[in-house]
>>> print(open('data16.cif').read())   # mmCIF, N, CA and C atoms
data_structure
loop_
_atom_site.label_atom_id
_atom_site.label_comp_id
_atom_site.auth_asym_id
_atom_site.auth_seq_id
_atom_site.Cartn_x
_atom_site.Cartn_y
_atom_site.Cartn_z
N MET A 1 -41.61 -93.44 -37.23
CA MET A 1 -41.01 -92.73 -38.34
C MET A 1 -39.62 -92.21 -37.94
N ILE A 2 -39.47 -91.87 -36.68
CA ILE A 2 -38.16 -91.40 -36.21
C ILE A 2 -37.14 -92.53 -36.31
N GLY A 3 -37.58 -93.75 -35.99
CA GLY A 3 -36.68 -94.89 -36.09
C GLY A 3 -36.21 -95.13 -37.51
N ILE A 4 -37.12 -95.03 -38.46
CA ILE A 4 -36.77 -95.23 -39.87
C ILE A 4 -35.78 -94.17 -40.34
N LEU A 5 -36.06 -92.92 -40.00
CA LEU A 5 -35.17 -91.84 -40.41
C LEU A 5 -33.80 -91.94 -39.76
N SER A 6 -33.76 -92.34 -38.49
CA SER A 6 -32.46 -92.45 -37.82
C SER A 6 -31.64 -93.60 -38.39
N ILE A 7 -32.26 -94.72 -38.71
CA ILE A 7 -31.53 -95.83 -39.33
C ILE A 7 -31.06 -95.44 -40.73
N TYR A 8 -31.91 -94.78 -41.48
CA TYR A 8 -31.51 -94.33 -42.81
C TYR A 8 -30.31 -93.37 -42.72
N GLY A 9 -30.38 -92.43 -41.79
CA GLY A 9 -29.27 -91.50 -41.61
C GLY A 9 -28.00 -92.21 -41.16
N LEU A 10 -28.14 -93.18 -40.28
CA LEU A 10 -26.97 -93.92 -39.80
C LEU A 10 -26.32 -94.72 -40.93
N ILE A 11 -27.13 -95.37 -41.73
CA ILE A 11 -26.59 -96.24 -42.77
C ILE A 11 -26.01 -95.44 -43.95
N TYR A 12 -26.63 -94.32 -44.31
CA TYR A 12 -26.21 -93.63 -45.53
C TYR A 12 -25.40 -92.35 -45.30
N TYR A 13 -25.33 -91.83 -44.08
CA TYR A 13 -24.64 -90.56 -43.87
C TYR A 13 -23.54 -90.61 -42.81
N THR A 14 -23.14 -91.78 -42.36
CA THR A 14 -22.06 -91.87 -41.39
C THR A 14 -20.98 -92.82 -41.90
N ASP A 15 -19.80 -92.69 -41.34
CA ASP A 15 -18.71 -93.60 -41.70
C ASP A 15 -19.02 -95.03 -41.25
N PHE A 16 -19.71 -95.16 -40.12
CA PHE A 16 -20.10 -96.48 -39.63
C PHE A 16 -21.02 -97.17 -40.64
N GLY A 17 -21.99 -96.45 -41.15
CA GLY A 17 -22.90 -97.00 -42.15
C GLY A 17 -22.18 -97.36 -43.44
N ARG A 18 -21.25 -96.52 -43.84
CA ARG A 18 -20.47 -96.80 -45.04
C ARG A 18 -19.65 -98.07 -44.84
N ALA A 19 -19.10 -98.24 -43.64
CA ALA A 19 -18.32 -99.45 -43.36
C ALA A 19 -19.22 -100.69 -43.36
N LEU A 20 -20.42 -100.58 -42.79
CA LEU A 20 -21.34 -101.71 -42.81
C LEU A 20 -21.74 -102.09 -44.23
N ARG A 21 -22.00 -101.09 -45.05
CA ARG A 21 -22.37 -101.37 -46.44
C ARG A 21 -21.21 -101.98 -47.20
N ALA A 22 -19.99 -101.53 -46.92
CA ALA A 22 -18.81 -102.10 -47.58
C ALA A 22 -18.63 -103.56 -47.18
N MET A 23 -18.82 -103.87 -45.90
CA MET A 23 -18.72 -105.25 -45.45
C MET A 23 -19.79 -106.13 -46.07
N ALA A 24 -20.98 -105.57 -46.24
CA ALA A 24 -22.07 -106.35 -46.83
C ALA A 24 -21.81 -106.60 -48.32
N ASP A 25 -21.20 -105.66 -49.00
CA ASP A 25 -20.94 -105.81 -50.43
C ASP A 25 -19.81 -106.79 -50.71
N ASP A 26 -18.66 -106.58 -50.10
CA ASP A 26 -17.50 -107.44 -50.35
C ASP A 26 -16.59 -107.43 -49.13
N ARG A 27 -16.65 -108.49 -48.36
CA ARG A 27 -15.91 -108.55 -47.10
C ARG A 27 -14.39 -108.52 -47.33
N ALA A 28 -13.91 -109.22 -48.34
CA ALA A 28 -12.47 -109.29 -48.56
C ALA A 28 -11.89 -107.92 -48.92
N VAL A 29 -12.55 -107.20 -49.79
CA VAL A 29 -12.07 -105.88 -50.19
C VAL A 29 -12.18 -104.90 -49.02
N ALA A 30 -13.26 -104.98 -48.26
CA ALA A 30 -13.43 -104.09 -47.11
C ALA A 30 -12.36 -104.35 -46.06
N THR A 31 -12.03 -105.61 -45.85
CA THR A 31 -10.98 -105.94 -44.90
C THR A 31 -9.63 -105.45 -45.41
N ALA A 32 -9.40 -105.56 -46.71
CA ALA A 32 -8.15 -105.06 -47.29
C ALA A 32 -8.04 -103.55 -47.17
N GLN A 33 -9.16 -102.86 -47.11
CA GLN A 33 -9.17 -101.41 -46.96
C GLN A 33 -8.99 -100.97 -45.51
N GLY A 34 -8.94 -101.93 -44.59
CA GLY A 34 -8.68 -101.60 -43.20
C GLY A 34 -9.89 -101.69 -42.28
N LEU A 35 -11.02 -102.13 -42.77
CA LEU A 35 -12.19 -102.30 -41.92
C LEU A 35 -12.04 -103.59 -41.12
N ARG A 36 -12.48 -103.57 -39.88
CA ARG A 36 -12.30 -104.72 -39.01
C ARG A 36 -13.62 -105.44 -38.78
N PRO A 37 -13.77 -106.65 -39.35
CA PRO A 37 -15.01 -107.39 -39.20
C PRO A 37 -15.27 -107.80 -37.76
N ALA A 38 -14.23 -107.97 -36.96
CA ALA A 38 -14.41 -108.36 -35.57
C ALA A 38 -15.13 -107.29 -34.76
N ILE A 39 -15.11 -106.07 -35.23
CA ILE A 39 -15.83 -104.98 -34.56
C ILE A 39 -17.16 -104.70 -35.26
N LEU A 40 -17.17 -104.73 -36.59
CA LEU A 40 -18.36 -104.35 -37.34
C LEU A 40 -19.49 -105.37 -37.26
N PHE A 41 -19.17 -106.67 -37.26
CA PHE A 41 -20.23 -107.67 -37.21
C PHE A 41 -20.98 -107.65 -35.88
N PRO A 42 -20.30 -107.58 -34.73
CA PRO A 42 -21.07 -107.45 -33.48
C PRO A 42 -21.84 -106.14 -33.39
N ALA A 43 -21.31 -105.07 -33.97
CA ALA A 43 -22.04 -103.80 -33.95
C ALA A 43 -23.30 -103.89 -34.82
N ALA A 44 -23.19 -104.56 -35.96
CA ALA A 44 -24.37 -104.75 -36.81
C ALA A 44 -25.40 -105.64 -36.11
N PHE A 45 -24.93 -106.66 -35.41
CA PHE A 45 -25.84 -107.53 -34.66
C PHE A 45 -26.52 -106.75 -33.54
N ALA A 46 -25.78 -105.90 -32.86
CA ALA A 46 -26.36 -105.07 -31.80
C ALA A 46 -27.40 -104.10 -32.36
N LEU A 47 -27.12 -103.54 -33.51
CA LEU A 47 -28.08 -102.64 -34.16
C LEU A 47 -29.35 -103.39 -34.53
N ALA A 48 -29.21 -104.58 -35.10
CA ALA A 48 -30.38 -105.39 -35.47
C ALA A 48 -31.16 -105.81 -34.24
N THR A 49 -30.48 -106.14 -33.15
CA THR A 49 -31.16 -106.51 -31.92
C THR A 49 -31.91 -105.33 -31.34
N GLY A 50 -31.33 -104.16 -31.41
CA GLY A 50 -32.02 -102.96 -30.94
C GLY A 50 -33.27 -102.67 -31.76
N LEU A 51 -33.18 -102.87 -33.08
CA LEU A 51 -34.36 -102.67 -33.93
C LEU A 51 -35.45 -103.70 -33.62
N ALA A 52 -35.04 -104.94 -33.34
CA ALA A 52 -36.02 -105.96 -32.96
C ALA A 52 -36.69 -105.60 -31.64
N GLY A 53 -35.93 -105.08 -30.69
CA GLY A 53 -36.51 -104.64 -29.43
C GLY A 53 -37.47 -103.48 -29.61
N LEU A 54 -37.11 -102.53 -30.47
CA LEU A 54 -38.00 -101.41 -30.77
C LEU A 54 -39.29 -101.89 -31.42
N THR A 55 -39.17 -102.84 -32.33
CA THR A 55 -40.35 -103.41 -32.98
C THR A 55 -41.23 -104.10 -31.96
N GLY A 56 -40.64 -104.87 -31.07
CA GLY A 56 -41.42 -105.54 -30.03
C GLY A 56 -42.13 -104.55 -29.12
N ALA A 57 -41.45 -103.48 -28.78
CA ALA A 57 -42.06 -102.47 -27.92
C ALA A 57 -43.21 -101.75 -28.62
N LEU A 58 -43.13 -101.60 -29.94
CA LEU A 58 -44.20 -100.94 -30.68
C LEU A 58 -45.36 -101.87 -30.99
N VAL A 59 -45.11 -103.16 -31.14
CA VAL A 59 -46.15 -104.11 -31.52
C VAL A 59 -46.91 -104.64 -30.30
N THR A 60 -46.25 -104.77 -29.17
CA THR A 60 -46.88 -105.37 -27.99
C THR A 60 -48.14 -104.63 -27.54
N PRO A 61 -48.22 -103.32 -27.53
CA PRO A 61 -49.48 -102.69 -27.12
C PRO A 61 -50.63 -102.93 -28.10
N ILE A 62 -50.33 -103.24 -29.35
CA ILE A 62 -51.38 -103.46 -30.34
C ILE A 62 -51.94 -104.88 -30.23
N LEU A 63 -51.07 -105.86 -30.07
CA LEU A 63 -51.47 -107.26 -30.02
C LEU A 63 -51.38 -107.76 -28.59
N SER A 64 -52.11 -108.82 -28.28
CA SER A 64 -52.02 -109.39 -26.94
C SER A 64 -50.71 -110.15 -26.80
N LEU A 65 -50.19 -110.21 -25.60
CA LEU A 65 -48.90 -110.84 -25.36
C LEU A 65 -49.07 -112.35 -25.31
N ALA A 66 -48.41 -113.05 -26.22
CA ALA A 66 -48.49 -114.50 -26.32
C ALA A 66 -47.16 -115.01 -26.88
N PRO A 67 -46.91 -116.32 -26.77
CA PRO A 67 -45.63 -116.84 -27.27
C PRO A 67 -45.41 -116.65 -28.76
N HIS A 68 -46.47 -116.70 -29.55
CA HIS A 68 -46.32 -116.58 -31.01
C HIS A 68 -46.85 -115.24 -31.50
N ILE A 69 -46.60 -114.20 -30.74
CA ILE A 69 -47.13 -112.87 -31.08
C ILE A 69 -46.52 -112.33 -32.37
N GLY A 70 -45.28 -112.69 -32.66
CA GLY A 70 -44.59 -112.09 -33.79
C GLY A 70 -44.80 -112.78 -35.12
N ASP A 71 -45.50 -113.90 -35.16
CA ASP A 71 -45.63 -114.63 -36.41
C ASP A 71 -46.30 -113.84 -37.53
N PRO A 72 -47.45 -113.22 -37.29
CA PRO A 72 -48.05 -112.43 -38.38
C PRO A 72 -47.20 -111.21 -38.76
N VAL A 73 -46.59 -110.61 -37.77
CA VAL A 73 -45.74 -109.44 -38.03
C VAL A 73 -44.51 -109.85 -38.83
N LEU A 74 -43.94 -111.01 -38.50
CA LEU A 74 -42.77 -111.51 -39.21
C LEU A 74 -43.10 -111.82 -40.67
N ALA A 75 -44.25 -112.44 -40.90
CA ALA A 75 -44.65 -112.75 -42.27
C ALA A 75 -44.85 -111.47 -43.08
N THR A 76 -45.51 -110.49 -42.48
CA THR A 76 -45.73 -109.22 -43.17
C THR A 76 -44.40 -108.51 -43.43
N SER A 77 -43.51 -108.55 -42.47
CA SER A 77 -42.19 -107.92 -42.64
C SER A 77 -41.40 -108.58 -43.76
N PHE A 78 -41.50 -109.89 -43.84
CA PHE A 78 -40.82 -110.62 -44.92
C PHE A 78 -41.35 -110.18 -46.28
N LEU A 79 -42.66 -110.05 -46.39
CA LEU A 79 -43.26 -109.61 -47.65
C LEU A 79 -42.86 -108.17 -47.98
N ILE A 80 -42.76 -107.33 -46.96
CA ILE A 80 -42.37 -105.94 -47.18
C ILE A 80 -40.94 -105.85 -47.70
N VAL A 81 -40.04 -106.64 -47.13
CA VAL A 81 -38.64 -106.62 -47.58
C VAL A 81 -38.54 -107.12 -49.01
N ILE A 82 -39.29 -108.17 -49.35
CA ILE A 82 -39.28 -108.67 -50.73
C ILE A 82 -39.84 -107.63 -51.68
N LEU A 83 -40.94 -107.02 -51.31
CA LEU A 83 -41.58 -106.03 -52.18
C LEU A 83 -40.72 -104.79 -52.36
N GLY A 84 -40.05 -104.35 -51.29
CA GLY A 84 -39.24 -103.14 -51.38
C GLY A 84 -37.90 -103.34 -52.05
N GLY A 85 -37.39 -104.55 -52.02
CA GLY A 85 -36.07 -104.82 -52.59
C GLY A 85 -35.07 -105.06 -51.47
N LEU A 86 -34.31 -106.12 -51.60
CA LEU A 86 -33.35 -106.47 -50.56
C LEU A 86 -32.27 -105.39 -50.44
N GLY A 87 -32.02 -104.94 -49.23
CA GLY A 87 -31.00 -103.95 -49.00
C GLY A 87 -31.41 -102.52 -49.25
N SER A 88 -32.67 -102.27 -49.48
CA SER A 88 -33.14 -100.93 -49.78
C SER A 88 -34.03 -100.43 -48.64
N VAL A 89 -33.53 -99.50 -47.86
CA VAL A 89 -34.30 -98.95 -46.73
C VAL A 89 -35.47 -98.13 -47.26
N GLY A 90 -35.23 -97.33 -48.28
CA GLY A 90 -36.31 -96.54 -48.87
C GLY A 90 -37.38 -97.41 -49.51
N GLY A 91 -36.94 -98.47 -50.18
CA GLY A 91 -37.89 -99.39 -50.79
C GLY A 91 -38.74 -100.10 -49.74
N ALA A 92 -38.13 -100.47 -48.62
CA ALA A 92 -38.88 -101.12 -47.55
C ALA A 92 -39.89 -100.16 -46.93
N THR A 93 -39.53 -98.89 -46.83
CA THR A 93 -40.45 -97.90 -46.27
C THR A 93 -41.65 -97.71 -47.19
N VAL A 94 -41.40 -97.54 -48.47
CA VAL A 94 -42.49 -97.38 -49.43
C VAL A 94 -43.34 -98.65 -49.49
N ALA A 95 -42.68 -99.81 -49.47
CA ALA A 95 -43.41 -101.07 -49.50
C ALA A 95 -44.27 -101.25 -48.25
N ALA A 96 -43.81 -100.77 -47.11
CA ALA A 96 -44.61 -100.86 -45.88
C ALA A 96 -45.89 -100.06 -46.01
N PHE A 97 -45.80 -98.88 -46.59
CA PHE A 97 -47.01 -98.08 -46.80
C PHE A 97 -47.94 -98.75 -47.81
N ILE A 98 -47.39 -99.33 -48.87
CA ILE A 98 -48.21 -100.02 -49.87
C ILE A 98 -48.90 -101.23 -49.25
N VAL A 99 -48.15 -102.02 -48.47
CA VAL A 99 -48.73 -103.20 -47.84
C VAL A 99 -49.80 -102.80 -46.83
N GLY A 100 -49.56 -101.75 -46.08
CA GLY A 100 -50.57 -101.28 -45.12
C GLY A 100 -51.85 -100.86 -45.81
N MET A 101 -51.73 -100.13 -46.90
CA MET A 101 -52.92 -99.71 -47.65
C MET A 101 -53.61 -100.91 -48.29
N ALA A 102 -52.84 -101.84 -48.84
CA ALA A 102 -53.44 -103.02 -49.46
C ALA A 102 -54.16 -103.87 -48.42
N GLU A 103 -53.56 -104.02 -47.23
CA GLU A 103 -54.23 -104.78 -46.17
C GLU A 103 -55.51 -104.10 -45.71
N ALA A 104 -55.47 -102.79 -45.57
CA ALA A 104 -56.65 -102.06 -45.10
C ALA A 104 -57.78 -102.14 -46.11
N PHE A 105 -57.48 -101.86 -47.38
CA PHE A 105 -58.53 -101.89 -48.40
C PHE A 105 -59.07 -103.30 -48.63
N SER A 106 -58.16 -104.28 -48.66
CA SER A 106 -58.62 -105.64 -48.92
C SER A 106 -59.41 -106.20 -47.74
N ALA A 107 -59.07 -105.81 -46.52
CA ALA A 107 -59.84 -106.27 -45.37
C ALA A 107 -61.25 -105.68 -45.38
N VAL A 108 -61.37 -104.45 -45.82
CA VAL A 108 -62.69 -103.81 -45.86
C VAL A 108 -63.52 -104.34 -47.02
N TYR A 109 -62.94 -104.42 -48.18
CA TYR A 109 -63.71 -104.76 -49.37
C TYR A 109 -63.77 -106.25 -49.68
N LEU A 110 -62.77 -107.03 -49.25
CA LEU A 110 -62.74 -108.45 -49.58
C LEU A 110 -63.01 -109.36 -48.37
N GLY A 111 -62.77 -108.88 -47.18
CA GLY A 111 -62.91 -109.71 -46.00
C GLY A 111 -61.54 -110.11 -45.47
N GLY A 112 -61.52 -110.69 -44.28
CA GLY A 112 -60.26 -110.98 -43.58
C GLY A 112 -59.35 -111.96 -44.27
N SER A 113 -59.84 -113.15 -44.62
CA SER A 113 -58.95 -114.17 -45.19
C SER A 113 -58.58 -113.83 -46.64
N LYS A 114 -59.46 -113.21 -47.36
CA LYS A 114 -59.15 -112.84 -48.74
C LYS A 114 -58.20 -111.65 -48.79
N GLY A 115 -58.14 -110.87 -47.71
CA GLY A 115 -57.22 -109.75 -47.65
C GLY A 115 -55.77 -110.21 -47.63
N ALA A 116 -55.49 -111.28 -46.88
CA ALA A 116 -54.14 -111.83 -46.85
C ALA A 116 -53.77 -112.40 -48.21
N LEU A 117 -54.73 -113.02 -48.87
CA LEU A 117 -54.49 -113.56 -50.20
C LEU A 117 -54.16 -112.43 -51.18
N ALA A 118 -54.85 -111.32 -51.07
CA ALA A 118 -54.58 -110.18 -51.95
C ALA A 118 -53.16 -109.66 -51.75
N LEU A 119 -52.68 -109.68 -50.52
CA LEU A 119 -51.31 -109.23 -50.24
C LEU A 119 -50.30 -110.16 -50.91
N PHE A 120 -50.51 -111.46 -50.80
CA PHE A 120 -49.59 -112.41 -51.44
C PHE A 120 -49.65 -112.30 -52.96
N VAL A 121 -50.82 -112.06 -53.51
CA VAL A 121 -50.94 -111.88 -54.95
C VAL A 121 -50.19 -110.62 -55.38
N LEU A 122 -50.29 -109.55 -54.59
CA LEU A 122 -49.56 -108.31 -54.89
C LEU A 122 -48.06 -108.56 -54.94
N VAL A 123 -47.53 -109.29 -53.96
CA VAL A 123 -46.09 -109.58 -53.93
C VAL A 123 -45.71 -110.50 -55.09
N LEU A 124 -46.56 -111.46 -55.41
CA LEU A 124 -46.28 -112.37 -56.52
C LEU A 124 -46.23 -111.62 -57.84
N VAL A 125 -47.17 -110.71 -58.05
CA VAL A 125 -47.17 -109.91 -59.28
C VAL A 125 -45.92 -109.03 -59.34
N MET A 126 -45.54 -108.47 -58.20
CA MET A 126 -44.34 -107.64 -58.16
C MET A 126 -43.09 -108.45 -58.50
N LEU A 127 -43.01 -109.69 -58.01
CA LEU A 127 -41.86 -110.53 -58.32
C LEU A 127 -41.80 -110.90 -59.80
N VAL A 128 -42.95 -111.03 -60.42
CA VAL A 128 -42.97 -111.34 -61.85
C VAL A 128 -42.57 -110.11 -62.67
N VAL A 129 -43.11 -108.94 -62.29
CA VAL A 129 -42.86 -107.72 -63.05
C VAL A 129 -41.44 -107.20 -62.82
N LYS A 130 -41.04 -107.10 -61.57
CA LYS A 130 -39.71 -106.57 -61.25
C LYS A 130 -39.12 -107.39 -60.10
N PRO A 131 -38.35 -108.42 -60.41
CA PRO A 131 -37.84 -109.34 -59.39
C PRO A 131 -36.94 -108.71 -58.34
N SER A 132 -36.32 -107.59 -58.64
CA SER A 132 -35.42 -106.96 -57.67
C SER A 132 -36.16 -106.13 -56.64
N GLY A 133 -37.46 -105.94 -56.77
CA GLY A 133 -38.23 -105.15 -55.82
C GLY A 133 -38.42 -103.73 -56.32
N LEU A 134 -39.09 -102.92 -55.49
CA LEU A 134 -39.38 -101.54 -55.90
C LEU A 134 -38.12 -100.73 -56.15
N PHE A 135 -37.25 -100.67 -55.15
CA PHE A 135 -36.03 -99.88 -55.27
C PHE A 135 -34.78 -100.73 -55.23
N GLY A 136 -34.94 -102.03 -55.42
CA GLY A 136 -33.79 -102.93 -55.37
C GLY A 136 -32.91 -102.78 -56.59
N HIS A 137 -31.69 -103.19 -56.47
CA HIS A 137 -30.72 -103.11 -57.57
C HIS A 137 -30.49 -104.51 -58.11
N ARG A 138 -30.13 -104.58 -59.36
CA ARG A 138 -29.82 -105.85 -59.95
C ARG A 138 -28.52 -106.38 -59.36
N VAL A 139 -28.55 -107.63 -58.94
CA VAL A 139 -27.38 -108.25 -58.33
C VAL A 139 -26.64 -109.03 -59.41
N ARG A 140 -25.32 -108.90 -59.41
CA ARG A 140 -24.55 -109.59 -60.43
C ARG A 140 -24.61 -111.10 -60.20
N GLY A 141 -24.56 -111.84 -61.26
CA GLY A 141 -24.64 -113.30 -61.18
C GLY A 141 -23.33 -113.90 -60.69
N ALA A 142 -23.43 -115.08 -60.15
CA ALA A 142 -22.24 -115.75 -59.62
C ALA A 142 -21.47 -116.44 -60.70
#
>>> encode(input="data16.cif", output="C-alpha cells")
Amino acid sequence: MIGILSIYGLIYYTDFGRALRAMADDRAVATAQGLRPAILFPAAFALATGLAGLTGALVTPILSLAPHIGDPVLATSFLIVILGGLGSVGGATVAAFIVGMAEAFSAVYLGGSKGALALFVLVLVMLVVKPSGLFGHRVRGA
C-alpha cells in the first residue's frame, strides 16, 4: 500500500509527475514547453523498472521460484489495468481490490478453473458497459 501511495503522490503532486503526464499526453507540446524527453524517458523507464523489481520482491515469497513465475501475475495485472482504465492509478487500485475479491469468492464458490473464467467474464462485461474502465477517461479519436 505504501508503494501505491508513493507512486500516486509522485505522479500527481510533484513537478516530475506533471512532466511525465505532459509527455504522455502530447510529446510535441511538452517539448515546446521546455521539457526534455532525453531525461524524462529514461527516468520513466527507471521508475517502471523499480516497480517491476518491487513486484518481483513481493510476489516471490508467495509463489515458488521458476522461469515462468510471472505469467499468472502478468495476466491478472493486465486485466486489472483494463478494468481500472488506462492511465488511472486510482482505477487500477480499485480494480485490484475488485479482482482480488472476485478471485477469492469465485475460487471458493465456483472452483479453481471456473474462478478464472468468472474474472474474464467480469472484465468482458465491464468493457461492454464502460469501455474506458472504472476511472478511465474518454480518449479523443484520431
>>> closest_residue(input="data16.cif", among="A:Leu58, A:Ala19, A:Ser6, A:Thr49", to="Pro37 of chain A", atoms="only C-alpha atoms")
A:Ala19
>>> residues_around(input="data16.cif", residues="segment 119-122 of chain A", least_positions_apart="4", cutoff="8 Å", atoms="all atoms listed in the file", output="list in words")
Leu79, Leu83, Val99, Ala102, Glu103, Ser106, Lys114, Gly115, Met126, Leu127 and Val128 of chain A
>>> atom_distance(input="data16.cif", atom1="atom CA of Ile11 of chain A", atom2="atom CA of Leu54 of chain A")
17.3 Å
>>> residues_around(input="data16.cif", residues="Leu35 of chain A", least_positions_apart="3", cutoff="12 Å", atoms="only C-alpha atoms", output="JSON, numbers by chain")
{"A": [15, 16, 17, 18, 19, 20, 21, 22, 23, 24, 26, 27, 28, 29, 30, 31, 32, 38, 39, 40, 41]}
>>> select_by_dssp(input="data16.cif", residues="chain A", states="alpha helix (DSSP H)", output="ChimeraX atom specification")
/A:2-13,15-25,27-32,37-59,71-84,89-109,112-129
>>> atom_distance(input="data16.cif", atom1="atom C of Val94 of chain A", atom2="atom CA of Phe135 of chain A")
9.4 Å
>>> closest_residue(input="data16.cif", among="A:Leu134, A:Leu117, A:Leu124, A:Gly9", to="Ile98 of chain A", atoms="only C-alpha atoms")
A:Leu134
>>> atom_distance(input="data16.cif", atom1="atom N of Ala95 of chain A", atom2="atom C of Ser77 of chain A")
10.5 Å
>>> resolve_selection(input="data16.cif", expression="the PyMOL selection byres (((chain A and resi 81 and name CA) around 10) and name CA)", output="list in words")
Thr76, Ser77, Phe78, Leu79, Ile80, Ile82, Leu83, Gly84, Gly85, Leu86, Gly87, Ser88, Val89, Gly91, Ala92, Thr93, Ala95, Ala96, Gly133, Leu134 and Gly136 of chain A
>>> build_atoms(input="data16.cif", residues="segment 87-103 of chain A", atoms="N, CA, C and O atoms", output="short mmCIF file (atom, residue, chain, number, x, y, z; two decimals), keeping the file's coordinate frame")
data_model
loop_
_atom_site.label_atom_id
_atom_site.label_comp_id
_atom_site.auth_asym_id
_atom_site.auth_seq_id
_atom_site.Cartn_x
_atom_site.Cartn_y
_atom_site.Cartn_z
N GLY A 87 -32.02 -104.94 -49.23
CA GLY A 87 -31.00 -103.95 -49.00
C GLY A 87 -31.41 -102.52 -49.25
O GLY A 87 -30.57 -101.63 -49.23
N SER A 88 -32.67 -102.27 -49.48
CA SER A 88 -33.14 -100.93 -49.78
C SER A 88 -34.03 -100.43 -48.64
O SER A 88 -35.16 -100.89 -48.49
N VAL A 89 -33.53 -99.50 -47.86
CA VAL A 89 -34.30 -98.95 -46.73
C VAL A 89 -35.47 -98.13 -47.26
O VAL A 89 -36.60 -98.24 -46.77
N GLY A 90 -35.23 -97.33 -48.28
CA GLY A 90 -36.31 -96.54 -48.87
C GLY A 90 -37.38 -97.41 -49.51
O GLY A 90 -38.58 -97.14 -49.38
N GLY A 91 -36.94 -98.47 -50.18
CA GLY A 91 -37.89 -99.39 -50.79
C GLY A 91 -38.74 -100.10 -49.74
O GLY A 91 -39.94 -100.30 -49.93
N ALA A 92 -38.13 -100.47 -48.62
CA ALA A 92 -38.88 -101.12 -47.55
C ALA A 92 -39.89 -100.16 -46.93
O ALA A 92 -41.00 -100.56 -46.57
N THR A 93 -39.53 -98.89 -46.83
CA THR A 93 -40.45 -97.90 -46.27
C THR A 93 -41.65 -97.71 -47.19
O THR A 93 -42.80 -97.71 -46.73
N VAL A 94 -41.40 -97.54 -48.47
CA VAL A 94 -42.49 -97.38 -49.43
C VAL A 94 -43.34 -98.65 -49.49
O VAL A 94 -44.57 -98.60 -49.52
N ALA A 95 -42.68 -99.81 -49.47
CA ALA A 95 -43.41 -101.07 -49.50
C ALA A 95 -44.27 -101.25 -48.25
O ALA A 95 -45.37 -101.81 -48.33
N ALA A 96 -43.81 -100.77 -47.11
CA ALA A 96 -44.61 -100.86 -45.88
C ALA A 96 -45.89 -100.06 -46.01
O ALA A 96 -46.97 -100.52 -45.59
N PHE A 97 -45.80 -98.88 -46.59
CA PHE A 97 -47.01 -98.08 -46.80
C PHE A 97 -47.94 -98.75 -47.81
O PHE A 97 -49.16 -98.78 -47.63
N ILE A 98 -47.39 -99.33 -48.87
CA ILE A 98 -48.21 -100.02 -49.87
C ILE A 98 -48.90 -101.23 -49.25
O ILE A 98 -50.09 -101.46 -49.46
N VAL A 99 -48.15 -102.02 -48.47
CA VAL A 99 -48.73 -103.20 -47.84
C VAL A 99 -49.80 -102.80 -46.83
O VAL A 99 -50.85 -103.44 -46.75
N GLY A 100 -49.56 -101.75 -46.08
CA GLY A 100 -50.57 -101.28 -45.12
C GLY A 100 -51.85 -100.86 -45.81
O GLY A 100 -52.96 -101.21 -45.37
N MET A 101 -51.73 -100.13 -46.90
CA MET A 101 -52.92 -99.71 -47.65
C MET A 101 -53.61 -100.91 -48.29
O MET A 101 -54.84 -101.01 -48.27
N ALA A 102 -52.84 -101.84 -48.84
CA ALA A 102 -53.44 -103.02 -49.46
C ALA A 102 -54.16 -103.87 -48.42
O ALA A 102 -55.26 -104.37 -48.68
N GLU A 103 -53.56 -104.02 -47.23
CA GLU A 103 -54.23 -104.78 -46.17
C GLU A 103 -55.51 -104.10 -45.71
O GLU A 103 -56.52 -104.75 -45.50
#
